[in-house]
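The structure appears below as C-alpha cells.
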Amino acid sequence: MSDRLFGLTVIVVALGYLFSATTIQVSFLSDPVGPKSFPYMVGGLAILCAVVMMIKPDAEPEWPSLATFGRILLAVIVLVGYALALKPLEFAIPTALAAGLLSYQINPRVLPASLTGIGLSVGLFSLFKFALGLGLYAFPRDWF
Amino acid sequence: METLSLLADGFGAALSPTTLFLAVVGCILGTIIGALPGLGPSNGVAILIPLAFSLGLDATSALVLMTSVYYGAMYGGRISSILLNIPGDEPALMTTLDGYPMAKAGRAADALVLSGVASFVGAFLATIGLMLLAPLLSQVAFKFGPAEYFALYLLAFCTLGGIASNNQAKAALAACIGLGISMIGQDNAGLPRLTFGSLHLGDGVDFLVAIVGLFAVTEVFVFIESQGKDSAIGVKLGKITIPVKDIMRCKWTMLRATVIGFIAGILPGAGASLGSFMAYSAEKAIVKDNSQFGKGDPRGIAAPEAGNNAAAGGALVPMLTLGVPGSGTTAVLLALLLTLNITPGPLLFAERPDVVWTLIASLLIANIVLLLLNVPMVKVFVRILMVPPWLLLPGVTMISFVGIYSLSKSNFDLLLMIGFGVMGFFLRKLDVPTVPIILGILLGSKMEVSLRNAMVTSGGDWTYLFSSGISIGLWVAAILGFVAPMFLRGIIKKPQAITD
C-alpha cells in the first residue's frame with residue numbers, strides 16, 4: 001500500500017515536472033538536443049519506475065506509531081523555527097532554544113535539557129567565532 | 001620512477017606543519033565521527049564540508065582534512081560495533097558479528113587492537129593501490145569523449161542501482177529524483193528553467209544543502225524514531241595489549257580481504273559496506289574451519305575491517321580519475337571538490353599533480369596517525385561513546401545548520417535542507433536509496449552536457465553514443481550491472497540498504 005501511494009505521488013509530481021518542462025524557453029541558437037529533452041527523459045523514466053513500483057510493491061515498511069510521528073513533527077517544527085529565527089535573532093538565543101528543545105525531546109528532563117541548550121549555544125559560538133573565525137553574531141547588533 | 005618523484009614532492013607538501021596538523025585533526029574528528037553510532041562517514045563528512053569551506057582553506061588543505069576524516073571514520077566505525085554491538089556506521093555492520101561476541105568473552109581490548117591493525121593493513125595497501133592504479137586509469141580516461149562520459153555516468157547509476165539496492169525500480173527512481181533536481185536553475189545557455197517562479201531557485205539547488213539534509217537531518221528523525229530500541233549493553237574494556245598471536249594468524253585473512261575490498265571499492269556504486277560484506281563472506285567460505293564464525297572468531301573481525309578500509313581507498317580511484325564516485329561518501333567528497341572548483345578526472349592528474357600527490361602522501365601519513373590513535377589511544381575514543389544522545393544529537397544538528405547557514409546566510413537554504421531531511425526520512429522508510437539522489441544532483445548537469453555535446457558532434461545522430469569500443473563496453477557493463485543483480489539476489493543475500 002505504501003509503495004502504491006508513493007508511486008502515485010511520484011506520478012503526480014513527475015507530471016507537474018514534465019508540464020513545467022514544456023514551458024522551458026529555448027534559445028534560438030539551440031543544439032539538436034536542447035534544454036527540454038533531458039528533463040523529459042528524467043520525468044518519463046520516473047513515471048516508468050513509479051508504475052513498476054505500483055505493479056510490484058515491496059513488503060509494507062514498519063511505520064512509526066502515531067505518537068512517534070508526532071515527536072518527529074515536533075522536531076521538524078523546532079528546526080523550521082530555528083531556520084527562521086537564525087537571521088533576525090542571530091546565533092545565541094535560537095541555538096539555545098532549539099538545542100534545548102531537541103534535547104528535551106530525547107530525554108524529557110528540564111535541567112539537563114536547559115544545560116544542553118545553554119552549553120551548546122555558548123560552546124559552539126566560541127568554537128565557530130573564535131576558533132574557526134566564522135562571521136557569526138551572538139545577538140542582533142542593534143540590541144546593545 | 002616518475003611516480004616516486006611525484007610522491008616525494010607530495011610528501012614534501014604533506015609534511016608541512018599546516019597540512020600535517022589538518023591531517024591529524026581530520027583523523028581525530030573522523031575516528032570520533034565513525035565511533036559515534038548514527039554518525040557515519042557520509043553524514044560526518046557532509047556536516048564538516050560547509051565548515052571547512054567557510055574557513056577558507058585552500059583546495060589541497062581542505063581535501064587533506066576531509067579525506068582524513070573519511071579514513072578516520074572508516075577506522076572508528078568498529079569501536080561501537082565491538083563494544084556496544086551497534087555499528088558505528090554502515091560499513092562496520094559486519095564487524096559486530098564476531099567483534100561483539102569476542103568482546104563479551106572478555107577480549108574486547110584484543111578485538112579492538114586486532115581490528116585496528118586490520119584497518120591499517122586494508123587502508124594502507126589500498127592507498128598504495130590507489131597510487132599505482134589511478135595514474136594508469138587517468139591515461140585511459142584521456143581517450144574519453146562526450147559519448148564515453150555519458151555512458152560512464154550511466155554506468156555509475158546502473159551499478160549503484162543494481163548492486164547497492166534491493167529494488168531496481170526504486171534505485172532508478174532515486175537517480176531520477178536527483179537528476180530532476182539538478183536540472184533546476186540555469187541551463188547551459190544561461191536561461192532559467194524549472195525554477196517554478198522562485199528567485200531562490202534561480203541558481204539551482206546547492207548540492208551541499210541536499211547532502212546535509214538527506215544525510216544529517218534525516219538522521220535526526222531516524223534517531224528520534226529508533227530511540228529506546230537500541231538498548232545495548234556495553235562491554236567493559238580491559239588493559240590494552242597487542243594480541244600478536246591473533247594478528248599473525250590473521251595475516252593472510254587481512255591480505256585477502258584487502259584485495260577483495262579494494263576491488264569492491266573501485267566498482268562504481270559498491271562502496272565500503274559491500275567491501276566488508278564480500279570480504280567477510282569470502283573469508284568464511286575459504287577457511288577450513290569456520291565453525292567459530294559469528295561466535296568471536298578473530299578472522300571474522302580482521303576480514304571485514306581490512307575489507308571496508310581497503311574499499312574506502314578503492315572508492316577514491318574512480319572519484320579522482322573519472323569524476324564518478326564509487327560510494328555515498330566519495331559522492332560527498334566529489335561535492336567538496338566541485339565546491340573548491342577542482343574538476344576531478346584525467347586532467348586533474350595532468351594539471352594539478354600537486355593536489356593529487358599531496359593527497360596521496362597525506363593519506364599514507366594519516367594511516368600511520370590512525371594506527372596510533374586507534375591502537376594505543378583507543379581508550380580515549382571509547383570514552384566519547386559515553387556522550388549521552390540528548391547532548392550529542394542537538395550538537396550535531398546545530399553544527400550542520402550553522403555550517404550551511406555560514407555558507408549562504410539564507411533561511412531558504414535551511415528550510416530546503418529540512419525539506420530534504422523529511423524527504424530522506426520517508427524515502428528511507430520506503431527503502432528508496434538516497435545515494436543515487438546525491439549522485440544525480442552532482443552529475444546531472446555534466447551528464448546532460450555530455451549528451452548534448454555528443455549530439456552536437458554527431459549532428460543529432462543518436463547511434464554516435466554507441467560508436468566507439470569504450471562506449472559499447474561501458475553500455476554493456478551498465479546494463480549488466482543493473483540487470484545481473486536481479487538474478488543473483490536469490491543466491492547472494494546482501495545486508496540491508498547500503499548508504500555509505
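If you're wondering about the labels, chains in the C-alpha cells are A, B, ... by order shown, residues count from 1 in each chain, ligands from 1 in order shown.
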Original post:
Quick one: which residues from chain A are at most 8 Å off chain B, using only C-alpha atoms, as a VMD selection string?
Top reply: chain A and resid 2 to 3 17 20 to 21 24 to 25 27 31 to 35 38 to 39 42 to 43 45 to 46 49 to 50 52 to 53 61 to 64 68 to 69 71 to 72 75 to 76 79 to 80 83 to 84 86 to 87 95 98 to 100 102 to 104 106 to 107 113 116 120 124 132 to 136
Subject >> Residues within 12 Å of Ile360 of chain B, only C-alpha atoms, excluding chain neighbours under 2 positions, as a PyMOL selection string >> reply: chain B and resi 3-4+6-14+23+60+63-64+67-68+123-132+134-135+313+316-317+320+349+353-358+362-367
Please save N, CA and C atoms of the selected residues as a tab-separated table (two decimals), in the first residue's frame.
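part.tsv was written with the following content:
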chain	number	residue	atom	x	y	z
B	3	THR	N	56.47	8.31	-10.80
B	3	THR	CA	55.57	8.21	-9.65
B	3	THR	C	56.30	8.53	-8.36
B	4	LEU	N	57.52	7.95	-8.23
B	4	LEU	CA	58.27	8.14	-6.98
B	4	LEU	C	58.63	9.61	-6.75
B	6	LEU	N	57.09	12.22	-7.98
B	6	LEU	CA	55.87	12.96	-7.67
B	6	LEU	C	55.45	12.72	-6.22
B	7	LEU	N	55.61	11.46	-5.79
B	7	LEU	CA	55.23	11.12	-4.42
B	7	LEU	C	56.14	11.87	-3.44
B	8	ALA	N	57.43	11.96	-3.79
B	8	ALA	CA	58.36	12.68	-2.91
B	8	ALA	C	57.93	14.13	-2.78
B	9	ASP	N	57.53	14.75	-3.89
B	9	ASP	CA	57.02	16.13	-3.83
B	9	ASP	C	55.79	16.19	-2.93
B	10	GLY	N	54.92	15.18	-3.10
B	10	GLY	CA	53.70	15.12	-2.29
B	10	GLY	C	54.03	15.06	-0.81
B	11	PHE	N	55.02	14.22	-0.46
B	11	PHE	CA	55.41	14.12	0.95
B	11	PHE	C	55.97	15.45	1.44
B	12	GLY	N	56.71	16.12	0.57
B	12	GLY	CA	57.25	17.43	0.95
B	12	GLY	C	56.12	18.37	1.38
B	13	ALA	N	55.05	18.39	0.59
B	13	ALA	CA	53.93	19.27	0.91
B	13	ALA	C	53.14	18.75	2.10
B	14	ALA	N	52.97	17.41	2.15
B	14	ALA	CA	52.13	16.83	3.20
B	14	ALA	C	52.78	16.99	4.57
B	23	ALA	N	45.77	16.99	8.81
B	23	ALA	CA	45.60	15.54	8.68
B	23	ALA	C	45.34	14.93	10.05
B	60	THR	N	43.94	22.02	-1.55
B	60	THR	CA	44.68	20.87	-1.07
B	60	THR	C	44.43	20.64	0.41
B	63	LEU	N	40.99	19.26	1.08
B	63	LEU	CA	40.89	17.87	0.63
B	63	LEU	C	41.60	16.93	1.61
B	64	VAL	N	42.77	17.36	2.08
B	64	VAL	CA	43.52	16.54	3.04
B	64	VAL	C	42.70	16.37	4.32
B	67	THR	N	39.54	14.03	3.55
B	67	THR	CA	39.83	12.61	3.33
B	67	THR	C	40.37	11.98	4.60
B	68	SER	N	41.05	12.77	5.44
B	68	SER	CA	41.49	12.21	6.73
B	68	SER	C	40.28	11.89	7.60
B	123	ALA	N	43.64	-0.17	4.71
B	123	ALA	CA	43.67	1.21	4.22
B	123	ALA	C	45.02	1.56	3.62
B	124	PHE	N	46.10	1.09	4.25
B	124	PHE	CA	47.44	1.45	3.77
B	124	PHE	C	47.70	0.83	2.40
B	125	LEU	N	47.42	-0.48	2.29
B	125	LEU	CA	47.65	-1.14	1.00
B	125	LEU	C	46.74	-0.56	-0.08
B	126	ALA	N	45.52	-0.21	0.29
B	126	ALA	CA	44.61	0.36	-0.71
B	126	ALA	C	45.10	1.72	-1.18
B	127	THR	N	45.71	2.48	-0.27
B	127	THR	CA	46.24	3.79	-0.68
B	127	THR	C	47.38	3.59	-1.68
B	128	ILE	N	48.21	2.55	-1.44
B	128	ILE	CA	49.27	2.25	-2.40
B	128	ILE	C	48.65	1.80	-3.73
B	129	GLY	N	47.58	1.01	-3.64
B	129	GLY	CA	46.88	0.59	-4.85
B	129	GLY	C	46.35	1.80	-5.62
B	130	LEU	N	45.79	2.74	-4.87
B	130	LEU	CA	45.29	3.98	-5.48
B	130	LEU	C	46.40	4.71	-6.20
B	131	MET	N	47.58	4.73	-5.55
B	131	MET	CA	48.73	5.45	-6.10
B	131	MET	C	49.19	4.83	-7.42
B	132	LEU	N	49.12	3.50	-7.49
B	132	LEU	CA	49.60	2.82	-8.70
B	132	LEU	C	48.55	2.83	-9.80
B	134	ALA	N	45.57	4.76	-10.10
B	134	ALA	CA	44.90	5.99	-10.54
B	134	ALA	C	45.58	6.65	-11.75
B	135	PRO	N	46.93	6.78	-11.74
B	135	PRO	CA	47.54	7.41	-12.92
B	135	PRO	C	47.30	6.61	-14.20
B	313	GLY	N	39.62	3.16	0.28
B	313	GLY	CA	40.68	3.65	-0.60
B	313	GLY	C	40.36	3.40	-2.05
B	316	LEU	N	38.17	5.83	-3.93
B	316	LEU	CA	38.74	7.11	-4.36
B	316	LEU	C	39.25	7.05	-5.80
B	317	VAL	N	39.54	5.82	-6.30
B	317	VAL	CA	40.11	5.70	-7.64
B	317	VAL	C	39.18	6.25	-8.71
B	320	LEU	N	38.58	10.17	-8.26
B	320	LEU	CA	39.64	11.10	-8.66
B	320	LEU	C	39.93	11.05	-10.16
B	349	PHE	N	45.08	14.89	-12.88
B	349	PHE	CA	46.42	14.31	-12.73
B	349	PHE	C	47.44	15.07	-13.57
B	353	PRO	N	48.93	18.02	-10.43
B	353	PRO	CA	49.58	16.89	-9.75
B	353	PRO	C	49.86	17.21	-8.28
B	354	ASP	N	50.05	18.50	-7.96
B	354	ASP	CA	50.31	18.87	-6.57
B	354	ASP	C	49.16	18.44	-5.66
B	355	VAL	N	47.91	18.66	-6.13
B	355	VAL	CA	46.75	18.29	-5.31
B	355	VAL	C	46.73	16.77	-5.11
B	356	VAL	N	46.85	16.03	-6.23
B	356	VAL	CA	46.72	14.58	-6.16
B	356	VAL	C	47.80	13.97	-5.27
B	357	TRP	N	49.04	14.38	-5.48
B	357	TRP	CA	50.12	13.68	-4.78
B	357	TRP	C	50.24	14.12	-3.33
B	358	THR	N	49.87	15.37	-3.04
B	358	THR	CA	49.83	15.75	-1.62
B	358	THR	C	48.74	14.94	-0.92
B	362	SER	N	49.40	12.47	2.07
B	362	SER	CA	48.71	12.73	3.33
B	362	SER	C	47.93	11.51	3.80
B	363	LEU	N	47.36	10.77	2.85
B	363	LEU	CA	46.60	9.58	3.23
B	363	LEU	C	47.53	8.53	3.82
B	364	LEU	N	48.74	8.39	3.25
B	364	LEU	CA	49.68	7.43	3.81
B	364	LEU	C	50.06	7.84	5.24
B	365	ILE	N	50.29	9.15	5.43
B	365	ILE	CA	50.63	9.63	6.78
B	365	ILE	C	49.43	9.45	7.71
B	366	ALA	N	48.23	9.77	7.18
B	366	ALA	CA	47.03	9.67	8.01
B	366	ALA	C	46.84	8.25	8.53
B	367	ASN	N	47.19	7.27	7.70
B	367	ASN	CA	47.03	5.89	8.15
B	367	ASN	C	47.91	5.57	9.34
Subject >> Spatial neighbours of segment 477-479 of chain B, 9 Å, only C-alpha atoms, chain gap at least 2 places, as a list in words >> reply: Ala151, Leu152, Leu154, Leu155, Ala156, Phe157, Cys158, Thr159, Ile472, Gly473, Leu474, Trp475, Gly481, Phe482, Val483 and Ala484 of chain B
**OP:** Give the alpha helix (DSSP H) residues of segment 328-439 of chain B, as assigned by DSSP on the backbone, as a ChimeraX atom specification.
**Re:** /B:328-339,346-351,353-374,378-384,389-408,411-429,435-439
Subject >> Distance query Trp143 of chain A at most 12 Å, only C-alpha atoms, self and fewer than 4 positions along chain excluded, as a ChimeraX atom specification >> reply: /A:88-90,137-139
**OP:** Could you check which of B:Pro346, B:Gly30, B:Gly469, B:Gly40 is closest to Leu93 of chain B, using only C-alpha atoms?
**Re:** B:Gly40
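Atom CA of Leu36 of chain B is found 23.0 Å from atom CA of Pro298 of chain B.
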**OP:** Give the strand (DSSP E) residues of segment 161-360 of chain B, as DSSP finds them on the backbone, and put them as a PyMOL selection string.
**Re:** chain B and resi 185-186+192-193
Subject >> Selection near Lys143 of chain B, 12 Å with only C-alpha atoms, sequence-local residues under 6 positions removed, as an NGL selection string >> reply: :B and (137 or 149 or 322 or 345-347 or 468-471)
